[in-house]
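work.cif follows; it contains mmCIF, C-alpha atoms.
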data_target
#
loop_
_atom_site.label_atom_id
_atom_site.label_comp_id
_atom_site.auth_asym_id
_atom_site.auth_seq_id
_atom_site.Cartn_x
_atom_site.Cartn_y
_atom_site.Cartn_z
CA MET A 1 0.00 0.00 0.00
CA ASP A 2 1.40 3.42 -0.78
CA ILE A 3 0.30 6.95 -0.09
CA ASP A 4 -1.91 7.04 -3.17
CA ASP A 5 -3.90 4.11 -1.87
CA ILE A 6 -4.41 5.80 1.46
CA LEU A 7 -5.56 9.02 -0.17
CA ARG A 8 -7.84 7.05 -2.43
CA GLU A 9 -9.51 5.36 0.49
CA VAL A 10 -10.71 8.66 1.92
CA ASP A 11 -11.59 9.94 -1.53
CA PRO A 12 -15.27 9.57 -2.42
CA THR A 13 -14.36 8.68 -6.03
CA PHE A 14 -12.33 5.73 -4.71
CA HIS A 15 -14.88 3.16 -5.68
CA ALA A 16 -14.81 4.42 -9.22
CA ILE A 17 -11.59 2.47 -9.70
CA PRO A 18 -12.58 -1.03 -10.67
CA GLN A 19 -11.47 -3.92 -8.51
CA GLU A 20 -9.60 -5.47 -11.46
CA LYS A 21 -7.36 -2.46 -11.78
CA ARG A 22 -6.60 -2.38 -8.08
CA ASP A 23 -5.79 -6.08 -8.19
CA LEU A 24 -3.34 -5.52 -10.99
CA GLN A 25 -1.68 -2.71 -9.05
CA GLU A 26 -1.45 -4.89 -5.99
CA LEU A 27 0.01 -7.76 -7.99
CA THR A 28 2.60 -5.54 -9.62
CA ARG A 29 3.65 -4.16 -6.26
CA ALA A 30 3.84 -7.62 -4.69
CA TRP A 31 5.87 -8.83 -7.66
CA ILE A 32 8.43 -6.01 -7.42
CA ALA A 33 8.74 -6.42 -3.66
CA GLU A 34 9.12 -10.19 -3.88
CA ARG A 35 11.84 -9.93 -6.49
CA CYS A 36 13.80 -7.36 -4.50
CA ALA A 37 13.55 -8.67 -0.96
CA PRO A 38 16.18 -11.22 0.10
CA GLU A 39 13.66 -13.25 2.11
CA LEU A 40 10.21 -14.61 1.39
CA LEU A 41 7.41 -12.08 1.97
CA PRO A 42 3.99 -13.07 3.31
CA TRP A 43 1.51 -14.51 0.80
CA PRO A 44 -1.30 -11.98 0.18
CA ALA A 45 -4.12 -13.30 2.31
CA ASN A 46 -6.95 -11.13 1.01
CA GLY A 47 -8.01 -13.43 -1.77
CA LEU A 48 -6.01 -11.49 -4.35
CA PHE A 49 -4.94 -14.59 -6.23
CA GLU A 50 -8.41 -16.08 -6.34
CA ARG A 51 -9.62 -12.86 -7.99
CA ILE A 52 -6.67 -12.81 -10.38
CA ASP A 53 -7.36 -16.39 -11.35
CA ASP A 54 -10.99 -15.49 -12.08
CA ASN A 55 -9.96 -12.46 -14.12
CA ILE A 56 -7.64 -14.52 -16.27
CA LYS A 57 -10.29 -17.18 -16.81
CA ARG A 58 -12.79 -14.51 -17.86
CA GLN A 59 -10.35 -12.98 -20.33
CA ILE A 60 -9.54 -16.37 -21.84
CA GLU A 61 -13.24 -17.00 -22.35
CA LYS A 62 -13.62 -13.61 -23.96
CA VAL A 63 -10.75 -14.35 -26.33
CA GLU A 64 -12.34 -17.65 -27.28
CA GLU A 65 -15.68 -15.94 -27.94
CA MET A 66 -14.12 -13.24 -30.08
CA THR A 67 -11.96 -15.59 -32.12
CA GLY A 68 -14.96 -16.76 -34.12
CA ASP A 69 -15.69 -13.18 -35.22
CA MET A 70 -14.03 -12.22 -38.50
CA ASP A 71 -14.68 -8.46 -38.25
CA PRO A 72 -11.31 -6.62 -38.50
CA LYS A 73 -12.32 -4.36 -35.63
CA THR A 74 -12.75 -7.27 -33.23
CA ASN A 75 -9.54 -8.69 -34.54
CA PHE A 76 -7.63 -5.66 -33.37
CA ALA A 77 -9.32 -5.70 -29.98
CA LEU A 78 -8.49 -9.37 -29.76
CA ILE A 79 -4.79 -8.70 -30.20
CA VAL A 80 -4.86 -6.04 -27.51
CA ILE A 81 -6.63 -8.33 -25.09
CA GLN A 82 -4.32 -11.24 -25.82
CA THR A 83 -1.21 -9.12 -25.39
CA GLU A 84 -2.52 -7.84 -22.08
CA LEU A 85 -3.37 -11.37 -21.04
CA GLU A 86 0.14 -12.59 -21.81
CA ARG A 87 1.58 -9.79 -19.69
CA TYR A 88 -0.77 -10.50 -16.82
CA ARG A 89 0.20 -14.15 -16.96
CA TYR A 90 3.86 -13.23 -17.01
CA LEU A 91 3.46 -11.19 -13.82
CA VAL A 92 1.78 -14.03 -11.98
CA ARG A 93 4.26 -16.61 -13.28
CA SER A 94 7.30 -14.53 -12.43
CA TYR A 95 5.90 -13.79 -8.96
CA LEU A 96 5.21 -17.43 -8.19
CA ARG A 97 8.57 -18.54 -9.56
CA ALA A 98 10.43 -15.94 -7.49
CA ARG A 99 8.72 -17.35 -4.40
CA ILE A 100 9.39 -20.97 -5.29
CA ALA A 101 13.06 -20.17 -5.88
CA LYS A 102 13.33 -18.68 -2.39
CA ILE A 103 11.43 -21.56 -0.82
CA ASP A 104 13.64 -24.15 -2.54
CA ARG A 105 16.77 -22.35 -1.43
CA HIS A 106 15.92 -22.34 2.27
CA THR A 107 13.20 -24.96 2.60
CA LEU A 108 14.04 -26.10 6.13
CA HIS A 109 14.28 -22.52 7.32
CA TYR A 110 10.79 -21.62 6.09
CA LEU A 111 9.35 -24.82 7.53
CA SER A 112 11.04 -24.38 10.90
CA THR A 113 8.63 -22.08 12.76
CA ASP A 114 4.89 -21.42 12.56
CA ASP A 115 5.56 -17.76 11.97
CA LEU A 116 7.63 -18.50 8.88
CA ARG A 117 5.26 -21.19 7.67
CA SER A 118 2.40 -18.70 7.71
CA ARG A 119 4.12 -16.74 4.95
CA LEU A 120 3.58 -19.57 2.51
CA SER A 121 0.33 -20.21 0.71
CA GLU A 122 -1.30 -23.58 1.28
CA MET A 123 -0.07 -24.88 -2.05
CA GLU A 124 3.44 -23.65 -1.42
CA LEU A 125 3.44 -25.27 2.00
CA ALA A 126 2.41 -28.60 0.49
CA TYR A 127 5.07 -28.23 -2.18
CA ALA A 128 7.83 -27.31 0.30
CA THR A 129 7.00 -30.14 2.71
CA HIS A 130 6.89 -32.67 -0.07
CA HIS A 131 10.06 -31.37 -1.69
CA GLN A 132 11.98 -31.52 1.59
CA ALA A 133 10.79 -35.07 2.16
CA LEU A 134 11.99 -36.04 -1.31
CA LEU A 135 15.40 -34.49 -0.72
CA HIS A 136 15.81 -36.13 2.68
CA ASN A 137 14.81 -39.44 1.22
CA HIS A 138 17.31 -38.99 -1.59
CA TYR A 139 20.12 -38.23 0.86
CA LEU A 140 19.13 -41.23 2.96
CA SER A 141 19.10 -43.67 0.08
CA SER A 142 22.30 -42.23 -1.43
CA PHE A 143 24.54 -42.22 1.63
CA LEU A 144 22.99 -41.01 4.85
CA SER A 145 21.42 -44.33 5.85
CA SER A 146 24.85 -45.95 6.20
CA PHE A 147 25.99 -43.19 8.56
CA PRO A 148 26.17 -43.69 12.33
CA ALA A 149 22.74 -42.88 13.78
CA ASN A 150 23.86 -39.72 15.59
CA LEU A 151 25.05 -38.22 12.29
CA GLN A 152 21.88 -38.73 10.30
CA ASN A 153 20.13 -35.48 11.20
CA LEU A 154 19.79 -32.60 8.79
CA ASN A 155 19.29 -29.95 11.47
CA ASP A 156 22.29 -30.30 13.76
CA ALA A 157 23.76 -27.21 15.32
CA SER A 158 27.14 -28.62 16.33
CA ALA A 159 30.00 -26.20 17.07
CA GLY A 160 27.47 -23.38 17.10
CA ILE A 161 26.82 -23.53 13.35
CA SER A 162 23.33 -24.55 12.40
CA MET A 163 23.00 -26.82 9.38
CA ILE A 164 19.94 -24.86 8.29
CA GLU A 165 20.89 -21.98 6.03
CA THR A 166 18.94 -18.79 6.38
CA PRO A 167 18.48 -15.90 3.97
CA ASP A 168 20.86 -12.97 4.38
CA LEU A 169 18.72 -10.29 5.98
CA GLU A 170 21.60 -7.83 5.94
CA SER A 171 21.86 -7.61 2.16
CA ALA A 172 21.17 -4.27 0.53
CA VAL A 173 17.87 -3.19 -1.00
CA PHE A 174 16.63 -0.01 -2.65
CA ILE A 175 13.55 1.63 -1.22
CA ARG A 176 11.36 4.53 -2.25
CA VAL A 177 10.07 6.54 0.65
CA LEU A 178 6.30 7.04 0.56
CA LYS A 179 5.80 9.11 3.70
CA ASN A 180 8.10 11.61 5.33
CA THR A 181 9.77 9.56 7.96
CA LEU A 182 12.95 8.95 9.92
CA VAL A 183 15.04 6.25 8.26
CA GLN A 184 17.53 4.54 10.55
CA GLY A 185 20.31 2.46 9.09
CA ARG A 186 23.17 0.54 10.60
CA GLY A 187 26.54 0.98 8.97
CA VAL A 188 29.83 -0.87 9.25
CA ASP A 189 31.46 1.74 11.47
CA THR A 190 28.62 3.97 12.62
CA ASP A 191 24.86 3.98 12.54
CA ASP A 192 22.97 6.76 10.89
CA ALA A 193 19.49 8.23 10.89
CA VAL A 194 18.16 10.44 8.11
CA GLU A 195 14.98 12.47 7.97
CA SER A 196 13.67 11.50 4.54
CA ASP A 197 11.00 12.98 2.31
CA GLU A 198 8.43 11.41 0.09
CA SER A 199 9.78 9.86 -3.13
CA ASP A 200 13.37 9.82 -1.87
CA ILE A 201 15.21 6.71 -3.00
CA MET A 202 17.81 5.14 -0.78
CA ILE A 203 19.82 2.00 -0.33
CA LEU A 204 20.08 0.25 3.02
CA ARG A 205 20.07 -3.13 4.70
CA TRP A 206 16.87 -5.16 4.31
CA ALA A 207 16.77 -5.72 8.08
CA ASP A 208 16.54 -1.92 8.50
CA ALA A 209 14.15 -1.40 5.62
CA LYS A 210 11.74 -4.16 6.62
CA PRO A 211 9.84 -2.29 9.36
CA LEU A 212 9.38 0.70 7.03
CA VAL A 213 8.05 -1.45 4.20
CA GLU A 214 5.72 -3.32 6.53
CA ALA A 215 4.39 -0.07 7.95
CA GLY A 216 3.74 1.20 4.44
CA SER A 217 6.15 4.14 4.79
CA ALA A 218 8.33 2.86 1.99
CA GLU A 219 8.23 0.39 -0.90
CA LEU A 220 10.91 -1.70 -2.54
CA VAL A 221 12.09 -0.70 -5.98
CA MET B 1 49.74 -40.10 2.21
CA PRO B 2 45.99 -39.57 1.90
CA MET B 3 44.47 -37.63 4.74
CA TYR B 4 41.03 -37.44 6.25
CA GLY B 5 38.86 -35.23 4.11
CA ASP B 6 40.86 -35.61 0.89
CA LEU B 7 38.10 -37.63 -0.67
CA GLY B 8 35.46 -35.21 0.54
CA ASN B 9 37.43 -32.44 -1.03
CA LYS B 10 37.36 -34.24 -4.37
CA LEU B 11 33.58 -34.47 -4.14
CA VAL B 12 33.32 -30.75 -3.53
CA GLN B 13 35.54 -30.08 -6.53
CA HIS B 14 33.24 -32.25 -8.63
CA ALA B 15 30.26 -30.30 -7.34
CA LYS B 16 31.93 -26.98 -8.07
CA ARG B 17 32.66 -28.04 -11.63
CA THR B 18 29.12 -29.31 -12.09
CA GLN B 19 27.78 -25.83 -11.37
CA ASN B 20 29.32 -24.44 -14.55
CA LEU B 21 28.46 -27.32 -16.86
CA ALA B 22 25.46 -27.48 -19.12
CA HIS B 23 25.07 -31.23 -18.69
CA LEU B 24 25.35 -33.40 -15.61
CA PRO B 25 28.64 -35.31 -15.30
CA PRO B 26 28.52 -38.98 -14.21
CA TYR B 27 27.63 -39.72 -10.61
CA GLN B 28 30.75 -40.51 -8.56
CA THR B 29 29.51 -43.74 -7.05
CA GLU B 30 32.95 -44.92 -5.91
CA LEU B 31 33.89 -41.61 -4.34
CA VAL B 32 30.58 -41.33 -2.47
CA ARG B 33 31.05 -44.87 -1.19
CA ALA B 34 34.64 -44.18 -0.08
CA VAL B 35 33.69 -41.00 1.81
CA THR B 36 30.82 -42.81 3.52
CA ARG B 37 33.20 -45.62 4.45
CA GLU B 38 35.64 -43.10 5.93
CA VAL B 39 32.86 -41.76 8.15
CA ARG B 40 32.00 -45.24 9.39
CA ASP B 41 35.66 -46.06 10.09
CA LEU B 42 36.13 -42.83 11.99
CA ASP B 43 33.04 -43.55 14.03
CA LYS B 44 34.43 -46.99 14.89
CA ASP B 45 37.76 -45.41 15.89
CA VAL B 46 35.96 -43.01 18.21
CA ALA B 47 34.00 -45.85 19.80
CA SER B 48 37.11 -47.99 20.36
CA LEU B 49 39.09 -45.02 21.70
CA LEU B 50 36.39 -44.27 24.23
CA GLU B 51 35.74 -47.86 25.20
CA PRO B 52 38.42 -48.24 27.93
CA PHE B 53 37.14 -45.11 29.69
CA GLN B 54 33.64 -46.52 30.30
CA GLY B 55 31.97 -43.15 29.82
CA SER B 56 34.16 -41.29 32.28
CA PHE B 57 36.57 -39.67 29.84
CA ASP B 58 38.24 -36.51 31.14
CA PRO B 59 39.68 -34.44 28.24
CA SER B 60 42.13 -32.47 30.41
CA ALA B 61 43.65 -35.65 31.85
CA ASP B 62 44.40 -37.20 28.48
CA GLN B 63 44.93 -34.41 26.01
CA ALA B 64 46.37 -36.58 23.21
CA THR B 65 43.26 -38.75 23.07
CA ALA B 66 41.04 -35.70 23.36
CA CYS B 67 42.75 -34.18 20.34
CA THR B 68 42.33 -37.38 18.28
CA LEU B 69 38.66 -37.47 19.20
CA LEU B 70 38.17 -33.87 18.18
CA VAL B 71 39.88 -34.38 14.82
CA ASN B 72 37.80 -37.51 14.15
CA HIS B 73 34.64 -35.74 15.20
CA LEU B 74 35.27 -32.78 12.91
CA SER B 75 36.35 -34.97 9.98
CA MET B 76 33.11 -36.93 10.13
CA ARG B 77 31.03 -33.79 10.10
CA ARG B 78 33.08 -32.30 7.33
CA ASN B 79 32.62 -35.41 5.19
CA LYS B 80 28.89 -35.22 5.79
CA ARG B 81 28.82 -31.63 4.61
CA CYS B 82 30.78 -32.54 1.50
CA LEU B 83 28.36 -35.35 0.68
CA LEU B 84 25.34 -33.14 1.26
CA ALA B 85 26.81 -30.37 -0.88
CA TYR B 86 27.63 -32.78 -3.69
CA HIS B 87 24.17 -34.30 -3.78
CA ARG B 88 22.39 -30.98 -3.42
CA THR B 89 24.32 -29.45 -6.29
CA ARG B 90 23.27 -32.34 -8.47
CA THR B 91 19.62 -32.30 -7.43
CA ASP B 92 19.53 -28.53 -8.03
CA LYS B 93 20.77 -29.19 -11.54
CA LEU B 94 18.25 -31.96 -12.06
CA GLU B 95 15.41 -29.76 -10.80
CA GLU B 96 16.47 -27.04 -13.20
CA LEU B 97 16.21 -29.54 -16.06
CA VAL B 98 12.80 -30.70 -14.87
CA TRP B 99 11.58 -27.09 -14.79
CA LYS B 100 12.86 -26.57 -18.32
CA GLY B 101 10.73 -29.48 -19.39
CA SER B 102 13.54 -31.55 -20.82
CA ASP B 103 13.15 -35.28 -20.42
CA VAL B 104 16.02 -35.87 -18.01
CA LEU B 105 15.77 -39.66 -17.87
CA ASP B 106 15.63 -39.90 -21.62
CA LEU B 107 18.61 -37.58 -21.94
CA ALA B 108 20.66 -39.58 -19.47
CA GLY B 109 19.83 -42.72 -21.40
CA GLN B 110 20.93 -41.22 -24.71
CA GLN B 111 24.31 -40.24 -23.33
CA GLY B 112 25.32 -43.84 -22.77
CA GLY B 113 22.51 -46.13 -23.80
CA GLY B 114 20.50 -47.96 -21.18
CA THR B 115 19.43 -46.47 -17.86
CA ASN B 116 19.41 -49.66 -15.88
CA GLY B 117 20.72 -49.31 -12.36
CA ALA B 118 23.34 -52.07 -12.38
CA SER B 119 25.43 -50.70 -15.23
CA ALA B 120 24.94 -47.13 -14.04
CA ALA B 121 26.65 -47.96 -10.76
CA ASP B 122 30.16 -48.18 -12.22
CA GLY B 123 29.77 -44.81 -13.94
CA GLY B 124 31.63 -46.08 -16.99
CA GLY B 125 29.91 -44.27 -19.82
CA SER B 126 26.37 -45.38 -19.09
CA SER B 127 23.74 -43.20 -17.37
CA SER B 128 25.24 -40.19 -15.62
CA LEU B 129 22.56 -40.45 -12.94
CA SER B 130 22.63 -42.77 -9.97
CA PRO B 131 19.54 -45.00 -9.61
CA GLN B 132 18.55 -42.87 -6.60
CA GLU B 133 18.78 -39.75 -8.70
CA GLU B 134 16.58 -41.27 -11.37
CA ASP B 135 13.98 -41.95 -8.70
CA TYR B 136 14.35 -38.43 -7.44
CA VAL B 137 13.82 -36.91 -10.89
CA ARG B 138 10.70 -38.97 -11.39
CA GLN B 139 9.26 -37.96 -8.03
CA TYR B 140 10.18 -34.32 -8.41
CA GLY B 141 8.57 -34.30 -11.83
CA ASP B 142 5.35 -35.53 -10.26
CA LEU B 143 5.58 -32.95 -7.49
CA LEU B 144 6.11 -30.13 -9.96
CA ALA B 145 3.26 -31.34 -12.14
CA ALA B 146 0.99 -31.35 -9.09
CA TYR B 147 1.97 -27.80 -8.13
CA LYS B 148 1.67 -26.58 -11.72
CA GLY B 149 -1.71 -28.22 -12.05
CA GLN B 150 -3.15 -25.76 -9.55
CA TRP B 151 -2.28 -22.86 -11.84
CA THR B 152 -3.75 -24.15 -15.06
CA ASP B 153 -4.08 -20.77 -16.76
CA ILE B 154 -0.60 -19.50 -16.01
CA ASP B 155 1.82 -22.12 -17.40
CA LEU B 156 4.35 -21.84 -14.57
CA THR B 157 7.18 -23.33 -16.61
CA GLY B 158 6.73 -20.75 -19.35
CA SER B 159 9.28 -18.14 -20.31
CA LEU B 160 10.52 -15.78 -17.60
CA GLU B 161 11.33 -13.11 -20.16
CA PRO B 162 8.74 -10.35 -20.12
CA PRO B 163 6.55 -10.77 -23.22
CA ARG B 164 7.00 -8.05 -25.84
CA ASP B 165 5.11 -9.19 -28.86
CA LEU B 166 2.14 -11.43 -29.15
CA PHE B 167 3.40 -12.86 -32.42
CA ILE B 168 6.97 -13.83 -33.24
CA ASP B 169 8.94 -15.17 -36.20
CA VAL B 170 10.27 -18.66 -35.72
CA ARG B 171 12.38 -20.98 -37.82
CA VAL B 172 11.88 -24.73 -37.60
CA LEU B 173 15.10 -26.55 -36.69
CA LYS B 174 13.70 -30.08 -36.42
CA ASP B 175 10.53 -31.58 -37.83
CA ALA B 176 7.91 -31.18 -35.16
CA GLY B 177 4.81 -32.37 -36.97
CA GLU B 178 1.53 -30.53 -37.02
CA ILE B 179 0.40 -28.21 -34.23
CA GLN B 180 -3.04 -26.76 -33.61
CA THR B 181 -3.44 -23.03 -33.03
CA GLU B 182 -6.42 -20.73 -32.87
CA TYR B 183 -5.72 -19.79 -36.45
CA GLY B 184 -5.74 -23.33 -37.74
CA ALA B 185 -3.18 -26.08 -38.03
CA ILE B 186 0.45 -25.40 -38.93
CA ASN B 187 2.74 -28.07 -40.29
CA LEU B 188 6.22 -27.56 -38.85
CA THR B 189 8.69 -28.96 -41.36
CA LYS B 190 12.41 -28.38 -41.10
CA ASN B 191 13.81 -25.04 -42.34
CA SER B 192 10.40 -23.46 -42.83
CA GLN B 193 9.59 -20.14 -41.21
CA PHE B 194 6.39 -19.00 -39.51
CA TYR B 195 4.81 -15.99 -37.84
CA VAL B 196 3.04 -17.49 -34.87
CA ARG B 197 1.66 -16.64 -31.45
CA GLN B 198 4.45 -16.91 -28.87
CA GLY B 199 2.30 -18.67 -26.31
CA ASP B 200 1.54 -21.48 -28.78
CA VAL B 201 5.15 -22.40 -29.49
CA GLU B 202 7.00 -21.58 -26.27
CA ARG B 203 7.27 -25.25 -25.34
CA LEU B 204 8.73 -26.14 -28.74
CA ILE B 205 11.32 -23.36 -28.50
CA ALA B 206 12.41 -24.62 -25.09
CA GLN B 207 12.72 -28.14 -26.45
CA GLY B 208 14.87 -26.96 -29.33
CA TYR B 209 12.47 -27.65 -32.19
CA LEU B 210 12.06 -23.99 -33.08
CA GLN B 211 14.33 -20.99 -33.04
CA LYS B 212 13.06 -17.52 -32.30
CA LEU B 213 14.12 -14.94 -34.88
CA GLY B 214 14.78 -11.24 -34.50
#

For this file, produce the structure as structure tokens.
Amino acid sequence: MDIDDILREVDPTFHAIPQEKRDLQELTRAWIAERCAPELLPWPANGLFERIDDNIKRQIEKVEEMTGDMDPKTNFALIVIQTELERYRYLVRSYLRARIAKIDRHTLHYLSTDDLRSRLSEMELAYATHHQALLHNHYLSSFLSSFPANLQNLNDASAGISMIETPDLESAVFIRVLKNTLVQGRGVDTDDAVESDESDIMILRWADAKPLVEAGSAELV
Amino acid sequence: MPMYGDLGNKLVQHAKRTQNLAHLPPYQTELVRAVTREVRDLDKDVASLLEPFQGSFDPSADQATACTLLVNHLSMRRNKRCLLAYHRTRTDKLEELVWKGSDVLDLAGQQGGGTNGASAADGGGSSSLSPQEEDYVRQYGDLLAAYKGQWTDIDLTGSLEPPRDLFIDVRVLKDAGEIQTEYGAINLTKNSQFYVRQGDVERLIAQGYLQKLG
């Protein structure tokens, strides 16, 4: 959500914007954020993807209806709709693939606590659980089963190093500030705090940017 | 003289090289077996070293033994990491191939002829996959198909390049037979050229039947 959304909510003409358009905006924003953030972001819980799925189905039906029509005018409209449909599909595909890539990379981490599990959609959770089971089974049948019993775990934390890799929350991200706010960042030598204005763009650690993004004061770019 | 961890190191080098290869090199059955054996031997050593102490071992009283135990302990864990890294690198590669839609098992068979497990075990020019890996590919393929099946209208394995044009020029590299599109059937014979809808032929481009032009 950015400042425009907030203004729109108090604006009486807000409901003039069709739901489809708002969904597309939300999807685009979720897609950009997901591709920029080093860790998995929560799955949108407000039924966004059910609506998107319906929209795409409706458009496909429309395309099928119009295909029979030989009028050149419909033909042009058809191309526009199909192009838009391909782009819409691309957004959804790229978004889902970005998430799957992150889940595959740190499966055990995202399955380790309830809080982290809640970020995954039901389908993703099923996929991740199943995938991890397959991997573990593969390790077992390839070599792990002939190991001494105390070495067969995949989640040891011996010598203070956990076997479970976690995403690097300290990696750098770019954010655009949406509300005038105080941005605090930790540096290598000193920490810094900057009073920032709307539409400023800055680079900082994801761990520092996360609270701002969650509060809606900034968005990832 | 070979030292603890030498073999594990070799595995990691294999894994590192695999990362930059387009195909999957043969599975190092012997090496994996040797590293696993080393772990078991080390574990036996630890058990026999500790046996005379009956569970009352005091590291500060017998520092030489304590040091041996520590080295053995760390070597075992290091070998485990090497094995895990080696297998994970390979499964990552296999998953990538599954996502691309290439028939991994078929491909492995073509490289040497015959994917049966017994001849694959010696790694001598037959399948580059271990029997366990073949199982894994099959199961992962099913898992991916199940996940994809919930997004029927999206085609999750489609191109990750942002679409620019609805229609593209393609040249046919291999005979692909006849395909059905909304604009009728097209017969894809070698060296012919078509102006088609990208969504209709994406699969064929990925499989190497068609080449995108321009």

Worksheet item: Just so the selection is clear, what residues does the PyMOL selection byres ((chain B) within 6 of (chain A)) cover here, as a VMD selection string?
Response: chain B and resid 154 156 166

Item to complete: Write out as a list in words which residues come within 10 Å of stretch 35-39 of chain B when counting all atoms listed in the file, dropping same-chain ones fewer than 5 positions away.
Response: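 In the requested format, the answer is Ser142, Phe143, Leu144, Ser145, Ser146, Phe147, Pro148 and Leu151 of chain A; Tyr4, Gly5, Asp6, Leu7, Gly8, Asn9, Lys10, Leu11, Glu30, Lys44, Asp45, Asn72, His73, Ser75, Met76, Arg77, Arg78, Asn79, Lys80, Cys82 and Leu83 of chain B.
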
Worksheet entry | Picked residues, the PyMOL selection byres ((chain A and resi 33) around 12), expected as an NGL selection string | :A and (1 or 26-32 or 34-43 or 95 or 98-99 or 173-176 or 206 or 209-210 or 213-214 or 218-221)

Worksheet item: What is the distance, in Å and to one decimal place, between atom CA of A:Glu170 and atom CA of A:Asp208?
Response: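 Those two atoms sit 8.2 Å apart.
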
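From atom CA of A:Arg205 back to atom CA of A:Asp192, the distance works out to 12.0 Å.
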
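Closest to B:Gln132 among B:Gly177, B:His87, B:Asn191, B:Asn20 is B:His87, based on all atoms listed in the file.
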
Practice prompt. For atom CA of B:Phe53 and atom CA of A:Asn150, quote the distance in Å rounded to one decimal.
Written response: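 Answer for the atom CA of B:Phe53 to atom CA of A:Asn150 separation: 20.1 Å.
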
Find the smallest box with edges along x, y and z containing every listed atom of stretch 56-66 of chain B, then add 3 Å on each side and report centre and edge lengths in Å to one decimal, as lines of an AutoDock Vina configuration file.
center_x = 40.3
center_y = -36.9
center_z = 27.7
size_x = 18.2
size_y = 14.8
size_z = 15.2

Residues within 12 Å of (16.7, 6.4, 7.6), counting all atoms listed in the file, listed as a short mmCIF file (atom, residue, chain, number, x, y, z; two decimals) with C-alpha atoms, keeping the file's coordinate frame:
data_model
loop_
_atom_site.label_atom_id
_atom_site.label_comp_id
_atom_site.auth_asym_id
_atom_site.auth_seq_id
_atom_site.Cartn_x
_atom_site.Cartn_y
_atom_site.Cartn_z
CA ILE A 175 13.55 1.63 -1.22
CA ARG A 176 11.36 4.53 -2.25
CA VAL A 177 10.07 6.54 0.65
CA LYS A 179 5.80 9.11 3.70
CA ASN A 180 8.10 11.61 5.33
CA THR A 181 9.77 9.56 7.96
CA LEU A 182 12.95 8.95 9.92
CA VAL A 183 15.04 6.25 8.26
CA GLN A 184 17.53 4.54 10.55
CA GLY A 185 20.31 2.46 9.09
CA ARG A 186 23.17 0.54 10.60
CA GLY A 187 26.54 0.98 8.97
CA ASP A 191 24.86 3.98 12.54
CA ASP A 192 22.97 6.76 10.89
CA ALA A 193 19.49 8.23 10.89
CA VAL A 194 18.16 10.44 8.11
CA GLU A 195 14.98 12.47 7.97
CA SER A 196 13.67 11.50 4.54
CA ASP A 197 11.00 12.98 2.31
CA ASP A 200 13.37 9.82 -1.87
CA ILE A 201 15.21 6.71 -3.00
CA MET A 202 17.81 5.14 -0.78
CA ILE A 203 19.82 2.00 -0.33
CA LEU A 204 20.08 0.25 3.02
CA ARG A 205 20.07 -3.13 4.70
CA ASP A 208 16.54 -1.92 8.50
CA ALA A 209 14.15 -1.40 5.62
CA LYS A 210 11.74 -4.16 6.62
CA PRO A 211 9.84 -2.29 9.36
CA LEU A 212 9.38 0.70 7.03
CA SER A 217 6.15 4.14 4.79
CA ALA A 218 8.33 2.86 1.99
#

Practice prompt. Run the PyMOL selection byres ((chain B and resi 136-139) around 8) against the file shown and list the residues it catches, as number ranges by chain.
Written response: A: 134-135, 138; B: 94-95, 98, 104-105, 132-135, 140-143

Discussion item. When you look at B:Leu24 with a cut-off of 12 Å (counting only C-alpha atoms), what residues show up, excluding the ones that are within fewer than 6 positions of it in the same chain? I need them as number ranges by chain.
Written reply: B: 14-18, 87, 89-97, 104-105, 107-108, 111, 127-130, 133

Fill in: Contacts of stretch 178-181 of chain B within 10 Å, only C-alpha atoms, excl. fewer than 6 positions in-chain, as a ChimeraX atom specification
/B:187-189,196-197,199-201

Discussion item. Using only C-alpha atoms, can you tell me which of B:Gln13, B:Ser48, B:Gln63, B:Ser159 comes closest to B:Leu204?
Written reply: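 Checking each candidate against B:Leu204, we get B:Ser159 as the closest.
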